[in-house]
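Q: This is the structure I want to talk about, given as structure tokens.
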Amino acid sequence: MATLEKLLHDRLASAFDLVAGMPTSPGVRRSKHADFQADGALALARQLGRKPRDVAADVVRVAQLDDLCTSVEISGPGFINLTVATDALASLLAEMTRDERLGIPSVAAPDTVVVDYSAPNVAKEMHVGHLRSTVIGDAVVRLLDWLGHRVIKANHLGDWGTPFGMLIEHLLDIGESEAVAELSLGDLNSFYKAARVKFDADDSFKERARQRVVALQGGDELTRRLWRLLVAASEKYFMTVYDRFDVCLTEKDFLGESFYNDMLHPLVDELDRLGLLRESDGAKVVFPVGFVNREGEPLPLIVRKRDGGFGYAATDLAAIRYRTQELEATRLLYVVGSPQRQHFEMVYEIAREAGWLRPPARAHHVGFGSILGSDGKMFRTRGGDTIKLVDLIDEAVSRAAALVEEIDQLDDAGRAEVARMVGIGALKYADLSNDRNKDYVFDWARMLSFEGNTAPYLQYARVRILSIFRQGGVTPVRDLVTLTVSEPAERALAIELLAFEGVIAEVAESLEFHRLATYLYGLAATFTTFYEKCPVLRAEDGVRDDRLALCDLTARVLARGLGLLGIGAPDRM
Ligand code: ARG
């Protein structure tokens, strides 16, 4: 890492270590009062029982910052304010223009990351919960992949379990070809509902469904074939949704629950051998350390049900073992709604106790809140039904088409492509720009607005920059050795551009994409100010190239940032 913030951090860290006699965080961050501010002296002073300003003064005395800063001052209770030298800014920025990767190298020690995401259920429509998992998971995949990690996408399709008895019976009732057509065309909800209605109303159907589950689990030839039909038809349909939504998932990534079937018996045996398995009410369970219910009693994870069947939890235990042992994953990510947090925490704990999850391997639940309607309740159709993801995609694209109707430099196909990027971008960005841990309110008008923190705003900001180049008939210069940043607005933009790497590093760890969104939005705003204050095409010769370089870098960071979020950047809008 060669970014400014990192350089300042490293230099100050050495100074802090000297003063403290132990590793100490300098606490460098951007600041309104100077370019950067370090507040590490406050915490250190508390530890040492000294005055913060004195500690800060000691740090400043030993810190080697001459080549990086023009001014290093102590302010307030003991902050260190840093003003960066223009030369340092200029050469870092010039380096960034020359770099395909915008100053962000591939990681030196790549992780093998398994990203468990999307995970819809066979013969069930993807709903808004899957929207969040799909959008967030896809951003995780794109970011970590770009950083050079080995990324394995695991689409943990719900393709097993008791509902298949009723689904297969219903398939037999309406006929194979009819059923396959209905499912492949995406009429998943009506298929599922019809099966459900019969199941609830008709006792003989219910009985047939029960026997069918037994046949399925017993490996009955015909039943297995019918089951595969259902799964294949659903997978085919889900693929059309992913394609329409610019999601990286492919057919190869379906690693459904059924994939782990054969591993379940050995899993139970192993848990037993390890002494982790307990009997409870006839079921086989594990009590992970540290989990209790409201009454303070140990909380079990059911591995094998009383009827001998395996459930969701057993499959997740088998999956985590498979991922660490067979796939050799070092980072396991589960992009699943927050209500499942405890389930995953229990799975991780058991995996740790069983020795399947050992450092450096780590598991992390990338949870998320709900999408709400304008009434603040769960987002549903007017009729109270769950909303289909495809309907949202279609509506987003058609609303976007109305917005881009007037681009006269494009033909119909070109406009349709832009509408897709804008519509899909708006939908994804509305999700990703919100703190994933919180709920958010779904709002078409807001997400498709050209103002505010939206995808269309950022896409348009980039298009405006590209049009500067078109207007001037110039191409960006990317081989500058250095460039001048003298105006305050240029400085501000330079510092903002150089902050990209720090943001990416932070998001790669926290997987909180709203931080990247906020950064891109801030960058676009900083650019706007720069463009108002500093003429580009009309600037004198030397200055013009340097400003064009700033424009070009901004456009590239915007496109890269959006791309990492799974959002396209059209060249014209
Ligand atoms: N199919 C599940 C659902 O729709 C999500 C699966 C999440 N992944 C997992 N490994 N459990 O809620």
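Ordered as shown in the structure tokens, chains take letters A, B, and onward, while each chain numbers its residues from 1 and ligands are numbered from 1 in the order shown.
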Extract, using only C-alpha atoms, all DNA, RNA and protein residues at most 7 Å from A:Met573, discarding same-chain residues fewer than 6 positions from it, and format them as a PyMOL selection string.
A: chain A and resi 404+407+460+463
Q: Go ahead and dump the residues you just picked, N, CA and C atoms, as a PDB file, in the first residue's frame.
A:
```pdb
ATOM      1  N   VAL A 404     -34.130   7.835 -19.834  1.00  0.00           N
ATOM      2  CA  VAL A 404     -33.064   8.007 -20.825  1.00  0.00           C
ATOM      3  C   VAL A 404     -33.600   8.173 -22.244  1.00  0.00           C
ATOM      4  N   ILE A 407     -31.820  10.640 -24.861  1.00  0.00           N
ATOM      5  CA  ILE A 407     -30.430  10.631 -25.324  1.00  0.00           C
ATOM      6  C   ILE A 407     -30.444  10.510 -26.835  1.00  0.00           C
ATOM      7  N   TYR A 460     -24.168   9.496 -14.064  1.00  0.00           N
ATOM      8  CA  TYR A 460     -24.237  10.744 -14.818  1.00  0.00           C
ATOM      9  C   TYR A 460     -23.004  11.614 -14.556  1.00  0.00           C
ATOM     10  N   VAL A 463     -20.451  10.363 -16.832  1.00  0.00           N
ATOM     11  CA  VAL A 463     -20.741  10.732 -18.219  1.00  0.00           C
ATOM     12  C   VAL A 463     -20.355  12.193 -18.485  1.00  0.00           C
TER      13      VAL A 463
END
```
Q: All residues within 8 Å of ligand 1 are required, counting only C-alpha atoms and all ligand atoms; please report them as a list of chain:residue names.
A: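 Residues satisfying the distance criterion: A:Asp116, A:Tyr117, A:Ser118, A:Ala119, A:Pro120, A:Asn121, A:Gly129, A:His130, A:Asn155, A:His156, A:Leu157, A:Gly158, A:Tyr312, A:Ala313, A:Thr315, A:Asp316, A:Ala319, A:Tyr334, A:Val335, A:Val336, A:Gly337, A:Phe344.
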Q: Separation of atom CA of A:Ala430 and atom CA of A:Ala123, in Å?
A: 27.6 Å
Q: Between atom CA of A:Gly165 and atom CA of A:Ile387, what is the distance, to one decimal in Å?
A: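 Atom CA of A:Gly165 sits 25.5 Å away from atom CA of A:Ile387.
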Q: At a cut-off of 9 Å, can you tabulate as JSON lines every residue of stretch 332-420 of chain A near stretch 245-255 of chain A together with its closest atom pair and the distance in Å to one decimal, using only C-alpha atoms and ordering rows by chain then number?
A:
```
{"residue": "A:Val390", "atom": "CA", "partner": "A:Phe245", "partner_atom": "CA", "distance": 8.6}
{"residue": "A:Ile393", "atom": "CA", "partner": "A:Phe245", "partner_atom": "CA", "distance": 6.9}
{"residue": "A:Arg420", "atom": "CA", "partner": "A:Phe245", "partner_atom": "CA", "distance": 8.9}
```
Q: Which of stretch 195-360 of chain A counts as helix (DSSP H, G or I) under DSSP, as number ranges by chain please?
A: A: 195-201, 203-217, 221-244, 251-253, 257-273, 312-325, 338-353
Q: Please identify which residues in stretch 205-421 of chain A DSSP calls strand (DSSP E) from the backbone, and express them as a ChimeraX atom specification.
A: /A:277-280,283-286,301-304,331-334,362-365,371-372
Q: What does the file look like for those residues with C-alpha atoms, as a JSON list (two decimals), in the first residue's frame?
A:
```json
[["chain", "number", "residue", "atom", "x", "y", "z"],
["A", 277, "LEU", "CA", -23.52, -35.34, 20.22],
["A", 278, "ARG", "CA", -26.34, -35.51, 22.79],
["A", 279, "GLU", "CA", -29.81, -37.09, 22.84],
["A", 280, "SER", "CA", -32.65, -34.73, 23.44],
["A", 283, "ALA", "CA", -33.35, -36.12, 18.53],
["A", 284, "LYS", "CA", -29.58, -35.92, 18.13],
["A", 285, "VAL", "CA", -28.37, -32.48, 19.04],
["A", 286, "VAL", "CA", -25.23, -30.53, 19.85],
["A", 301, "LEU", "CA", -28.73, -27.26, 17.40],
["A", 302, "ILE", "CA", -30.71, -30.18, 16.03],
["A", 303, "VAL", "CA", -28.51, -32.35, 13.86],
["A", 304, "ARG", "CA", -30.85, -35.26, 13.40],
["A", 331, "ARG", "CA", -12.68, -17.16, 4.82],
["A", 332, "LEU", "CA", -16.31, -18.28, 4.87],
["A", 333, "LEU", "CA", -18.96, -15.69, 4.23],
["A", 334, "TYR", "CA", -22.69, -16.23, 4.63],
["A", 362, "ARG", "CA", -12.66, -17.67, 9.84],
["A", 363, "ALA", "CA", -16.39, -17.54, 9.27],
["A", 364, "HIS", "CA", -18.51, -14.45, 9.13],
["A", 365, "HIS", "CA", -22.23, -13.85, 8.84],
["A", 371, "ILE", "CA", -36.68, -4.00, 2.85],
["A", 372, "LEU", "CA", -39.67, -1.98, 3.95]]
```
Q: So, with only C-alpha atoms as the atoms that count, which of A:Arg538, A:Arg46, A:Arg572, A:Arg462 lies closest to A:Leu523?
A: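 Ranking A:Arg538, A:Arg46, A:Arg572, A:Arg462 by distance to A:Leu523, first place goes to A:Arg462.
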Q: What are the nearest atom pairs, with distances in Å to one decimal, for all residues of stretch 499-528 of chain A that come at most 12 Å from stretch 76-98 of chain A, using only C-alpha atoms, set out by chain and rising residue number as a Markdown table?
A:
```
| residue | atom | partner | partner_atom | distance |
| --- | --- | --- | --- | --- |
| A:Ala499 | CA | A:Leu93 | CA | 10.8 |
| A:Phe500 | CA | A:Met96 | CA | 10.6 |
| A:Glu501 | CA | A:Met96 | CA | 10.5 |
```
Q: For A:Ser338, which of A:Asn437, A:Leu389, A:Phe527, A:Lys51 is the closest residue, counting only C-alpha atoms?
A: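 Looking at the shortest contact to A:Ser338, the residue is A:Asn437.
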Q: Kindly give the distance, in Å, that separates atom CA of A:Gly502 and atom CA of A:Leu483, rounded to a single decimal.
A: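 Those two atoms sit 21.8 Å apart.
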Q: With a distance cut-off of 12 Å and only C-alpha atoms, select the neighbouring residues of A:Leu144, excluding the residue or stretch itself and same-chain residues fewer than 2 positions from it, and output the selection as a JSON list (two decimals) with C-alpha atoms, in the first residue's frame.
A:
```
[["chain", "number", "residue", "atom", "x", "y", "z"],
["A", 106, "SER", "CA", -3.66, -7.42, -5.66],
["A", 107, "VAL", "CA", -3.32, -8.87, -2.18],
["A", 110, "PRO", "CA", -4.89, -14.32, -1.07],
["A", 111, "ASP", "CA", -7.65, -15.97, 0.92],
["A", 112, "THR", "CA", -9.74, -18.78, -0.44],
["A", 113, "VAL", "CA", -13.15, -17.31, 0.15],
["A", 114, "VAL", "CA", -16.44, -19.15, -0.07],
["A", 115, "VAL", "CA", -19.31, -16.73, -0.55],
["A", 137, "GLY", "CA", -23.18, -11.28, -2.15],
["A", 138, "ASP", "CA", -22.42, -10.33, -5.71],
["A", 139, "ALA", "CA", -20.62, -7.19, -4.56],
["A", 140, "VAL", "CA", -18.61, -9.28, -2.11],
["A", 141, "VAL", "CA", -17.62, -11.62, -4.94],
["A", 142, "ARG", "CA", -16.63, -8.82, -7.28],
["A", 146, "TRP", "CA", -10.73, -7.98, -7.95],
["A", 147, "LEU", "CA", -8.41, -7.85, -4.96],
["A", 148, "GLY", "CA", -6.96, -11.17, -6.06],
["A", 149, "HIS", "CA", -8.55, -13.57, -3.61],
["A", 150, "ARG", "CA", -9.64, -17.02, -4.76],
["A", 151, "VAL", "CA", -13.40, -16.69, -4.66],
["A", 152, "ILE", "CA", -15.78, -19.63, -4.71],
["A", 153, "LYS", "CA", -19.45, -18.81, -5.18],
["A", 331, "ARG", "CA", -12.68, -17.16, 4.82],
["A", 333, "LEU", "CA", -18.96, -15.69, 4.23],
["A", 504, "ILE", "CA", -11.44, -0.45, -0.51],
["A", 505, "ALA", "CA", -9.21, -1.99, 2.15],
["A", 506, "GLU", "CA", -11.77, -1.17, 4.82],
["A", 507, "VAL", "CA", -14.72, -2.51, 2.84],
["A", 508, "ALA", "CA", -12.87, -5.70, 1.92],
["A", 509, "GLU", "CA", -12.81, -6.43, 5.63],
["A", 510, "SER", "CA", -16.14, -5.04, 6.89],
["A", 511, "LEU", "CA", -18.11, -5.87, 3.73],
["A", 564, "LEU", "CA", -17.32, -3.44, -7.82],
["A", 565, "LEU", "CA", -20.90, -2.89, -6.73]]
```
Q: Find the spatial neighbours of stretch 15-30 of chain A, counting only C-alpha atoms, within a cut-off of 8 Å - ignore same-chain residues fewer than 5 positions away - and output them as number ranges by chain.
A: A: 5, 8-9, 35-41, 44, 48, 55, 58-60, 62-64
Q: Within 7 Å of stretch 195-211 of chain A, counting only C-alpha atoms, which residues show up once you throw out same-chain ones fewer than 3 positions away? Write them as a ChimeraX atom specification, please.
A: /A:165-167,169-170,191-192,214-215
Q: Can you list, as a CSV table (one decimal) with N, CA and C atoms, in the first residue's frame, every protein, DNA or RNA residue that comes within 12 Å of A:Asn434 when you count only C-alpha atoms, leaving out same-chain residues fewer than 5 positions away?
A:
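So the final result, stored in part19.csv, reads:
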```csv
chain,number,residue,atom,x,y,z
A,132,ARG,N,-31.6,-8.9,-1.5
A,132,ARG,CA,-30.5,-8.4,-0.7
A,132,ARG,C,-29.3,-9.3,-0.7
A,136,ILE,N,-25.9,-8.0,-2.4
A,136,ILE,CA,-24.7,-7.9,-1.5
A,136,ILE,C,-23.7,-8.9,-1.7
A,368,PHE,N,-28.1,-8.9,7.0
A,368,PHE,CA,-28.7,-7.7,6.5
A,368,PHE,C,-30.2,-7.6,7.0
A,369,GLY,N,-30.6,-6.4,7.0
A,369,GLY,CA,-32.0,-6.1,7.5
A,369,GLY,C,-33.0,-6.3,6.4
A,370,SER,N,-34.2,-5.8,6.7
A,370,SER,CA,-35.4,-6.1,5.7
A,370,SER,C,-35.5,-4.9,4.8
A,371,ILE,N,-36.3,-5.1,3.7
A,371,ILE,CA,-36.7,-4.0,2.9
A,371,ILE,C,-38.1,-3.7,3.3
A,427,LEU,N,-31.5,-0.1,-8.6
A,427,LEU,CA,-32.0,-1.1,-7.7
A,427,LEU,C,-30.9,-1.6,-6.8
A,428,LYS,N,-29.8,-1.9,-7.4
A,428,LYS,CA,-28.6,-2.5,-6.6
A,428,LYS,C,-28.1,-1.4,-5.7
A,429,TYR,N,-27.9,-0.2,-6.2
A,429,TYR,CA,-27.3,0.9,-5.4
A,429,TYR,C,-28.2,1.2,-4.2
A,439,ASP,N,-32.7,-1.9,8.3
A,439,ASP,CA,-33.8,-2.0,7.3
A,439,ASP,C,-33.7,-0.8,6.4
A,440,TYR,N,-34.3,-0.8,5.2
A,440,TYR,CA,-34.4,0.4,4.4
A,440,TYR,C,-35.7,0.4,3.7
A,441,VAL,N,-36.1,1.6,3.4
A,441,VAL,CA,-37.4,1.8,2.8
A,441,VAL,C,-37.3,1.8,1.2
A,442,PHE,N,-38.0,1.0,0.6
A,442,PHE,CA,-37.9,0.9,-0.9
A,442,PHE,C,-38.7,2.1,-1.5
A,447,MET,N,-34.6,6.2,-5.7
A,447,MET,CA,-33.4,5.5,-6.2
A,447,MET,C,-33.2,5.8,-7.7
A,453,ASN,N,-27.7,10.6,-3.3
A,453,ASN,CA,-26.7,9.4,-3.3
A,453,ASN,C,-27.4,8.2,-4.1
A,454,THR,N,-27.4,8.3,-5.4
A,454,THR,CA,-28.0,7.3,-6.2
A,454,THR,C,-27.1,6.8,-7.3
A,512,GLU,N,-19.1,-3.7,4.3
A,512,GLU,CA,-20.1,-2.7,4.4
A,512,GLU,C,-20.0,-1.8,3.2
A,513,PHE,N,-20.8,-2.2,2.2
A,513,PHE,CA,-20.6,-1.5,0.9
A,513,PHE,C,-21.2,-0.1,0.9
A,514,HIS,N,-22.0,0.3,1.9
A,514,HIS,CA,-22.4,1.7,2.0
A,514,HIS,C,-21.3,2.6,2.2
A,515,ARG,N,-20.2,2.1,2.7
A,515,ARG,CA,-19.0,2.9,2.9
A,515,ARG,C,-18.3,3.3,1.5
A,516,LEU,N,-18.4,2.3,0.7
A,516,LEU,CA,-17.9,2.6,-0.7
A,516,LEU,C,-18.8,3.6,-1.4
A,517,ALA,N,-20.1,3.3,-1.2
A,517,ALA,CA,-21.1,4.2,-1.9
A,517,ALA,C,-20.9,5.6,-1.4
A,518,THR,N,-20.8,5.8,-0.1
A,518,THR,CA,-20.7,7.1,0.5
A,518,THR,C,-19.4,7.8,-0.1
```
Q: Rank nothing, just name the residue among A:Ser177, A:Ser190, A:Thr162, A:Ser31 nearest to A:Lys388, using only C-alpha atoms.
A: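 Smallest distance to A:Lys388 is found for A:Ser190.
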